[in-house]
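Novice: What follows is data.csv; its format and atoms are CSV, C-alpha atoms.
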chain,number,residue,atom,x,y,z
A,1,MET,CA,223.1,159.7,127.4
A,2,PHE,CA,224.3,163.2,126.7
A,3,GLY,CA,225.6,164.5,130.0
A,4,SER,CA,228.9,165.7,128.4
A,5,ASP,CA,227.2,167.6,125.6
A,6,PRO,CA,227.6,171.4,125.9
A,7,HIS,CA,224.0,171.9,124.9
A,8,THR,CA,222.3,169.6,127.5
A,9,GLY,CA,220.4,172.6,128.9
A,10,PHE,CA,218.8,173.4,125.6
A,11,ILE,CA,217.8,169.7,125.1
A,12,LEU,CA,216.3,169.4,128.6
A,13,ALA,CA,214.5,172.8,128.2
A,14,SER,CA,212.9,171.6,125.0
A,15,TYR,CA,211.5,168.5,126.6
A,16,ALA,CA,210.4,170.5,129.6
A,17,VAL,CA,208.5,172.9,127.4
A,18,THR,CA,206.9,170.0,125.6
A,19,VAL,CA,205.9,168.1,128.7
A,20,ILE,CA,204.6,171.2,130.5
A,21,THR,CA,202.6,172.5,127.6
A,22,LEU,CA,201.0,169.2,126.8
A,23,GLY,CA,200.5,168.5,130.5
A,24,LEU,CA,198.7,171.9,130.8
A,25,VAL,CA,196.4,171.1,127.9
A,26,ALA,CA,195.6,167.6,129.2
A,27,GLY,CA,195.0,169.0,132.7
A,28,TRP,CA,192.7,171.7,131.3
A,29,ILE,CA,190.7,169.1,129.4
A,30,VAL,CA,190.3,166.9,132.5
A,31,VAL,CA,189.3,169.8,134.7
A,32,ASP,CA,186.9,171.1,132.0
A,33,HIS,CA,185.2,167.6,131.8
A,34,ARG,CA,184.7,167.6,135.6
A,35,THR,CA,183.3,171.1,135.5
A,36,GLN,CA,180.8,170.4,132.7
A,37,LYS,CA,179.7,167.1,134.3
A,38,ALA,CA,179.1,169.0,137.6
A,39,ARG,CA,177.1,171.7,135.9
A,40,LEU,CA,175.0,169.1,134.1
A,41,ALA,CA,174.4,167.2,137.3
A,42,ASP,CA,173.4,170.4,139.0
A,43,LEU,CA,170.9,171.4,136.3
A,44,GLU,CA,169.4,167.9,136.2
A,45,ALA,CA,169.1,168.0,140.0
A,46,ARG,CA,167.0,171.2,139.5
A,47,GLY,CA,164.7,169.3,137.2
A,48,ILE,CA,165.9,170.9,134.0
A,49,THR,CA,165.9,168.6,130.9
A,50,ARG,CA,167.0,169.3,127.4
A,51,ARG,CA,164.3,169.7,124.8
A,52,SER,CA,165.8,167.0,122.7
A,53,ALA,CA,166.0,164.6,125.7
A,54,ARG,CA,162.3,165.2,126.4
A,55,GLY,CA,161.4,164.6,122.8
A,56,GLY,CA,163.5,161.4,122.5
A,57,ASP,CA,165.8,162.9,119.9
A,58,LEU,CA,169.3,162.6,121.2
A,59,SER,CA,171.0,164.6,118.5
A,60,SER,CA,171.8,167.7,120.5
B,1,MET,CA,177.5,150.8,114.4
B,2,ALA,CA,177.3,152.7,111.1
B,3,LEU,CA,179.7,155.6,110.6
B,4,THR,CA,176.7,157.9,110.2
B,5,ASP,CA,175.7,157.0,113.8
B,6,LEU,CA,178.6,159.1,115.0
B,7,ALA,CA,176.7,162.2,113.8
B,8,ASN,CA,174.7,161.7,116.9
B,9,PRO,CA,176.5,163.4,119.8
B,10,THR,CA,175.1,161.0,122.4
B,11,ARG,CA,176.4,158.0,120.5
B,12,PHE,CA,179.6,159.8,119.9
B,13,ILE,CA,180.1,160.5,123.7
B,14,ALA,CA,179.4,156.8,124.4
B,15,LEU,CA,182.0,155.8,121.8
B,16,VAL,CA,184.6,158.2,123.2
B,17,ALA,CA,184.0,156.9,126.8
B,18,ARG,CA,184.9,153.4,125.5
B,19,ALA,CA,187.8,154.5,123.4
B,20,LEU,CA,189.6,157.0,125.6
B,21,PRO,CA,191.1,154.5,128.2
B,22,TRP,CA,192.6,152.4,125.4
B,23,LEU,CA,193.8,155.5,123.5
B,24,ALA,CA,195.4,156.9,126.7
B,25,ALA,CA,197.1,153.7,127.4
B,26,ALA,CA,198.4,153.3,123.9
B,27,THR,CA,199.6,156.9,124.0
B,28,ALA,CA,201.5,156.4,127.3
B,29,ILE,CA,203.2,153.2,126.0
B,30,VAL,CA,204.3,154.6,122.7
B,31,MET,CA,205.3,157.9,124.3
B,32,ALA,CA,207.5,156.0,126.8
B,33,ILE,CA,209.1,154.1,123.9
B,34,ALA,CA,209.6,157.3,122.0
B,35,PHE,CA,211.3,159.1,125.0
B,36,TYR,CA,213.5,156.0,125.6
B,37,LEU,CA,214.6,156.0,122.0
B,38,ALA,CA,215.1,159.7,122.0
B,39,PHE,CA,217.4,159.7,125.1
B,40,PHE,CA,219.0,156.2,125.1
B,41,GLY,CA,218.3,154.5,121.8
B,42,SER,CA,219.6,156.9,119.3
B,43,PRO,CA,223.0,158.3,118.5
B,44,ALA,CA,224.2,161.9,118.5
B,45,ASP,CA,224.3,163.4,115.1
B,46,TYR,CA,227.7,163.9,113.5
B,47,GLN,CA,227.1,167.6,113.0
B,48,GLN,CA,224.4,168.6,115.6
B,49,GLY,CA,225.7,166.4,118.4
B,50,SER,CA,223.0,165.6,121.0
B,51,THR,CA,220.9,168.6,120.0
B,52,VAL,CA,219.4,166.3,117.3
B,53,ARG,CA,217.3,164.9,120.2
B,54,ILE,CA,215.3,168.2,120.2
B,55,MET,CA,214.1,167.1,116.7
B,56,TYR,CA,212.2,164.2,118.3
B,57,VAL,CA,209.7,166.7,119.8
B,58,HIS,CA,210.1,169.6,117.4
B,59,VAL,CA,209.3,167.8,114.1
B,60,PRO,CA,206.3,165.8,115.3
B,61,SER,CA,204.9,169.0,116.9
B,62,ALA,CA,205.4,170.8,113.6
B,63,TRP,CA,203.6,168.0,111.7
B,64,LEU,CA,200.7,168.0,114.1
B,65,SER,CA,200.4,171.8,114.0
B,66,LEU,CA,199.7,171.5,110.3
B,67,PHE,CA,197.6,168.3,110.5
B,68,CYS,CA,195.4,169.9,113.2
B,69,TYR,CA,194.8,172.9,111.1
B,70,ALA,CA,194.0,170.7,108.1
B,71,LEU,CA,191.5,168.8,110.2
B,72,MET,CA,189.9,172.1,111.3
B,73,ALA,CA,189.6,173.1,107.6
B,74,ALA,CA,187.9,169.8,106.8
B,75,ALA,CA,185.6,170.3,109.7
B,76,SER,CA,184.9,173.8,108.6
B,77,ILE,CA,183.7,172.5,105.2
B,78,GLY,CA,181.5,170.1,107.2
B,79,THR,CA,180.1,173.1,109.2
B,80,LEU,CA,179.4,175.3,106.2
B,81,VAL,CA,178.3,172.7,103.6
B,82,TRP,CA,176.6,169.9,105.5
B,83,ARG,CA,176.1,171.5,108.9
B,84,HIS,CA,177.2,168.3,110.5
B,85,PRO,CA,176.5,168.5,114.2
B,86,LEU,CA,179.9,167.4,115.2
B,87,ALA,CA,181.9,169.4,112.6
B,88,ASP,CA,182.0,172.6,114.5
B,89,VAL,CA,182.5,170.8,117.8
B,90,SER,CA,185.5,169.1,116.2
B,91,ALA,CA,187.0,172.3,114.9
B,92,LYS,CA,186.6,174.2,118.1
B,93,ALA,CA,188.0,171.4,120.2
B,94,ALA,CA,191.0,171.1,118.0
B,95,ALA,CA,192.1,174.7,118.1
B,96,PRO,CA,193.7,174.9,121.6
B,97,ILE,CA,195.5,171.5,120.9
B,98,GLY,CA,196.8,172.8,117.6
B,99,ALA,CA,197.9,176.0,119.3
B,100,ALA,CA,199.8,174.0,121.9
B,101,PHE,CA,201.6,171.9,119.3
B,102,THR,CA,202.5,175.1,117.3
B,103,PHE,CA,203.8,176.7,120.4
B,104,ILE,CA,205.9,173.7,121.2
B,105,CYS,CA,207.2,173.7,117.6
B,106,LEU,CA,208.3,177.3,117.8
B,107,ALA,CA,209.7,177.1,121.3
B,108,THR,CA,211.8,173.9,120.7
B,109,GLY,CA,212.9,175.3,117.3
B,110,SER,CA,214.1,178.4,119.1
B,111,LEU,CA,215.9,176.2,121.7
B,112,TRP,CA,217.5,174.3,118.9
B,113,GLY,CA,218.3,177.4,116.8
B,114,ARG,CA,220.3,179.1,119.6
B,115,PRO,CA,223.1,176.6,119.7
B,116,MET,CA,222.9,175.5,116.1
B,117,TRP,CA,222.3,178.8,114.2
B,118,GLY,CA,223.5,181.1,116.9
B,119,THR,CA,220.2,182.9,117.2
B,120,TRP,CA,216.9,182.3,119.1
B,121,TRP,CA,214.8,183.7,116.2
B,122,ILE,CA,215.1,185.0,112.7
B,123,TRP,CA,212.3,186.3,110.4
B,124,ASP,CA,212.9,183.4,108.1
B,125,ALA,CA,209.9,182.4,105.8
B,126,ARG,CA,209.3,179.0,107.6
B,127,LEU,CA,209.5,180.5,111.1
B,128,THR,CA,207.4,183.5,110.3
B,129,SER,CA,204.7,181.5,108.6
B,130,GLN,CA,204.6,179.1,111.5
B,131,LEU,CA,204.3,182.1,113.9
B,132,ILE,CA,201.3,183.3,111.8
B,133,LEU,CA,199.8,179.8,112.2
B,134,LEU,CA,200.0,180.2,116.0
B,135,LEU,CA,198.4,183.7,115.7
B,136,MET,CA,195.6,182.2,113.6
B,137,TYR,CA,194.9,179.5,116.2
B,138,LEU,CA,194.7,182.1,118.9
B,139,GLY,CA,192.5,184.4,116.8
B,140,LEU,CA,190.1,181.5,116.1
B,141,MET,CA,189.9,180.7,119.8
B,142,ALA,CA,189.2,184.3,120.5
B,143,LEU,CA,186.5,184.4,117.9
B,144,TRP,CA,184.7,181.3,119.3
B,145,ARG,CA,184.7,183.0,122.7
B,146,ALA,CA,183.6,186.4,121.4
B,147,VAL,CA,180.3,185.2,119.9
B,148,ASP,CA,177.8,183.8,122.4
B,149,ASP,CA,175.8,181.7,120.0
B,150,PRO,CA,177.8,178.5,119.2
B,151,GLY,CA,176.2,178.2,115.8
B,152,ARG,CA,177.0,181.7,114.6
B,153,ALA,CA,180.5,181.5,116.2
B,154,GLY,CA,181.1,178.2,114.4
B,155,ARG,CA,180.1,179.5,111.0
B,156,ALA,CA,182.3,182.6,111.4
B,157,ALA,CA,185.2,180.6,112.6
B,158,ALA,CA,184.7,178.1,109.7
B,159,VAL,CA,185.0,180.9,107.1
B,160,LEU,CA,188.1,182.3,108.9
B,161,THR,CA,189.6,178.8,109.1
B,162,LEU,CA,189.2,178.2,105.4
B,163,VAL,CA,190.7,181.5,104.6
B,164,GLY,CA,193.7,180.6,106.8
B,165,THR,CA,194.4,177.4,104.9
B,166,ILE,CA,196.3,179.5,102.4
B,167,ASN,CA,199.1,179.5,105.1
B,168,LEU,CA,199.5,175.7,105.0
B,169,PRO,CA,201.2,175.3,101.6
B,170,ILE,CA,203.2,178.5,102.4
B,171,ILE,CA,204.5,176.8,105.6
B,172,LYS,CA,205.2,173.5,103.8
B,173,PHE,CA,206.9,175.0,100.7
B,174,SER,CA,208.4,178.1,102.2
B,175,VAL,CA,211.8,176.3,102.4
B,176,ASP,CA,211.6,175.6,98.7
B,177,TRP,CA,210.1,178.9,97.5
B,178,TRP,CA,212.4,181.2,99.4
B,179,ASN,CA,216.0,181.2,100.5
B,180,THR,CA,215.6,180.3,104.2
B,181,LEU,CA,217.8,179.5,107.1
B,182,HIS,CA,215.5,176.6,108.0
B,183,GLN,CA,216.6,173.4,106.2
B,184,PRO,CA,214.4,171.9,103.4
B,185,ALA,CA,212.3,168.8,103.9
B,186,SER,CA,214.3,165.7,104.9
B,187,VAL,CA,211.6,163.1,105.6
B,188,PHE,CA,208.6,163.7,103.1
B,189,ARG,CA,210.6,163.9,99.9
B,190,LEU,CA,209.9,162.4,96.4
B,191,ASP,CA,213.4,160.7,96.6
B,192,GLY,CA,212.8,159.4,100.1
B,193,PRO,CA,214.1,160.5,103.5
B,194,THR,CA,217.6,161.8,103.8
B,195,ILE,CA,217.9,160.9,107.5
B,196,HIS,CA,219.8,157.8,108.7
B,197,PRO,CA,217.5,155.1,110.0
B,198,SER,CA,219.1,155.3,113.4
B,199,ILE,CA,217.6,158.8,113.7
B,200,LEU,CA,214.6,158.4,111.4
B,201,THR,CA,213.2,155.4,113.5
B,202,PRO,CA,213.0,157.3,116.8
B,203,LEU,CA,211.5,160.3,114.9
B,204,LEU,CA,208.7,158.2,113.4
B,205,VAL,CA,208.0,156.5,116.7
B,206,ALA,CA,207.8,160.0,118.4
B,207,ALA,CA,205.5,161.1,115.5
B,208,ILE,CA,203.2,158.1,116.2
B,209,ALA,CA,203.2,158.9,119.9
B,210,PHE,CA,202.3,162.6,119.4
B,211,THR,CA,199.6,161.6,116.9
B,212,LEU,CA,198.0,159.2,119.4
B,213,LEU,CA,198.2,162.0,122.0
B,214,PHE,CA,196.5,164.4,119.7
B,215,VAL,CA,193.7,162.0,118.9
B,216,THR,CA,193.2,161.3,122.6
B,217,LEU,CA,193.1,165.0,123.6
B,218,HIS,CA,190.9,165.9,120.6
B,219,LEU,CA,188.3,163.3,121.4
B,220,ALA,CA,188.3,164.2,125.1
B,221,ALA,CA,188.0,167.9,124.2
B,222,MET,CA,185.1,167.2,121.7
B,223,ARG,CA,183.3,165.4,124.5
B,224,ASN,CA,183.7,168.4,126.7
B,225,GLU,CA,182.4,170.7,124.0
B,226,ILE,CA,179.3,168.6,123.5
B,227,LEU,CA,178.7,168.7,127.3
B,228,ARG,CA,179.3,172.5,127.4
B,229,ARG,CA,176.6,172.9,124.7
B,230,ARG,CA,174.2,170.7,126.6
B,231,VAL,CA,174.8,172.8,129.7
B,232,ARG,CA,174.2,176.0,127.7
B,233,ALA,CA,170.9,174.6,126.3
B,234,MET,CA,169.7,173.6,129.7
B,235,GLN,CA,170.7,176.9,131.3
B,236,MET,CA,168.6,178.6,128.6
B,237,VAL,CA,165.6,176.4,129.5
B,238,ALA,CA,166.2,177.2,133.2
B,239,ALA,CA,166.3,180.9,132.4
B,240,GLN,CA,163.0,180.7,130.4
B,241,ARG,CA,161.4,179.0,133.3
B,242,GLU,CA,162.5,181.7,135.7
B,243,MET,CA,161.5,184.5,133.4
B,244,PRO,CA,158.4,186.4,134.8
B,245,THR,CA,155.2,185.8,132.8
B,246,GLY,CA,154.9,188.3,130.0
B,247,ALA,CA,158.5,189.3,130.0
B,248,ALA,CA,160.1,189.5,126.6
B,249,PRO,CA,163.4,187.8,125.9
B,250,VAL,CA,166.4,190.0,125.1
B,251,PRO,CA,166.6,190.5,121.3
B,252,GLY,CA,169.3,188.3,119.8
B,253,GLU,CA,169.1,185.7,122.5
Could the structure of this file be written out as structure tokens, please?
Specialist:
Amino acid sequence: MFGSDPHTGFILASYAVTVITLGLVAGWIVVDHRTQKARLADLEARGITRRSARGGDLSS
Amino acid sequence: MALTDLANPTRFIALVARALPWLAAATAIVMAIAFYLAFFGSPADYQQGSTVRIMYVHVPSAWLSLFCYALMAAASIGTLVWRHPLADVSAKAAAPIGAAFTFICLATGSLWGRPMWGTWWIWDARLTSQLILLLMYLGLMALWRAVDDPGRAGRAAAVLTLVGTINLPIIKFSVDWWNTLHQPASVFRLDGPTIHPSILTPLLVAAIAFTLLFVTLHLAAMRNEILRRRVRAMQMVAAQREMPTGAAPVPGE
């Protein structure tokens, strides 16, 4: 690979920054999805419905 | 399903639910190939040595930082002109992802610049305009959070996004217009790429992998934003129910 390259640390750091940053974004999206689903389920359990859902229009 | 059916958020969510597993799998496979080619399937550059491998994450991130902003600009036109229900959702969902790719571009560029240029940073036109792009992403994200009403926030952000598009040609052509330390374009050129195929191929595979990742993350983030707006609408219904009879709503709500 590139073990003897004097700049190995810079290369590995670049890939680490990339993987960590994109991993954080992906993780945030997954957590956010679970949060929104849980909030929706909670509201629906309380009998709250969207106006559009009641009227049959699914556009909001 | 007609394309116009995607204007309906409920149908859009159903489509995303079906597409996401396939997109995620395709992203994982192509990303694995890209990383294999980057580390094992490509030679060291005759000048840069192995630091050329940083380019396989730096260049796709740079391309996607621009592509993402261009997508937001197109969505902003959809918000302001056609008031498409998903246009504002698309722009808002894209901003953090674009900011992430811009940050990666700047960070990996800095990590490449230290051994190759002898400096972490220089106020070069390309680097500075790319930093401005990051600040614009962060500013737009702050604007969306600062205004409570998603519709008003979306229209304000759309105007700001369109104003910011002036930065895209500046980033792209900065290396031609000014005397910069950053090298000029070496892939998208009228006379063809100047990179050897042994390095160009892994770069293009990495670009495909990053683009697939962007599409996957963007669709997932759009789905979240639609759900968030549903939660907000339902919370407002709940608040109205719980409001005492005769009480007036707060102005502006």
Novice: From the options B:Leu20, B:Cys105, B:Ala28, B:Ala94, which residue's atoms come nearest to B:Leu131, counting only C-alpha atoms?
Specialist: B:Cys105
Novice: For atom CA of B:Val89 and atom CA of B:Arg230, quote the distance in Å rounded to one decimal.
Specialist: 12.1 Å
Novice: Residues of chain A near chain B: apply a cut-off of 8 Å, count only C-alpha atoms, and supply the list as a short mmCIF file (atom, residue, chain, number, x, y, z; two decimals) with C-alpha atoms, in the coordinates of the input.
Specialist:
data_model
loop_
_atom_site.label_atom_id
_atom_site.label_comp_id
_atom_site.auth_asym_id
_atom_site.auth_seq_id
_atom_site.Cartn_x
_atom_site.Cartn_y
_atom_site.Cartn_z
CA MET A 1 223.10 159.70 127.40
CA PHE A 2 224.30 163.20 126.70
CA ASP A 5 227.20 167.60 125.60
CA HIS A 7 224.00 171.90 124.90
CA THR A 8 222.30 169.60 127.50
CA PHE A 10 218.80 173.40 125.60
CA ILE A 11 217.80 169.70 125.10
CA ALA A 13 214.50 172.80 128.20
CA SER A 14 212.90 171.60 125.00
CA TYR A 15 211.50 168.50 126.60
CA VAL A 17 208.50 172.90 127.40
CA THR A 18 206.90 170.00 125.60
CA THR A 21 202.60 172.50 127.60
CA LEU A 22 201.00 169.20 126.80
CA VAL A 25 196.40 171.10 127.90
CA ALA A 26 195.60 167.60 129.20
CA ILE A 29 190.70 169.10 129.40
CA ASP A 32 186.90 171.10 132.00
CA HIS A 33 185.20 167.60 131.80
CA GLN A 36 180.80 170.40 132.70
CA LYS A 37 179.70 167.10 134.30
CA ARG A 39 177.10 171.70 135.90
CA LEU A 40 175.00 169.10 134.10
CA LEU A 43 170.90 171.40 136.30
CA ILE A 48 165.90 170.90 134.00
CA THR A 49 165.90 168.60 130.90
CA ARG A 50 167.00 169.30 127.40
CA LEU A 58 169.30 162.60 121.20
CA SER A 59 171.00 164.60 118.50
CA SER A 60 171.80 167.70 120.50
#
Novice: Just checking: using all atoms listed in the file, which residue out of B:Thr211, B:Gln183, B:Thr119, B:Asn167 ends up closest to B:Ile132?
Specialist: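 Among the listed residues, the smallest separation from B:Ile132 belongs to B:Asn167.
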Novice: Excluding B:Leu200 and its own-chain neighbours fewer than 6 positions away, which residues fall within 10 Å of it when counting only C-alpha atoms? Please give them as a list in words.
Specialist: Ser42, Tyr56, Ser186, Val187, Pro193, Thr194 and Ala206 of chain B
Novice: One number please: atom CA of B:Phe188 to atom CA of B:Cys68, in Å, one decimal.
Specialist: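 Computed distance, atom CA of B:Phe188 to atom CA of B:Cys68, equals 17.7 Å.
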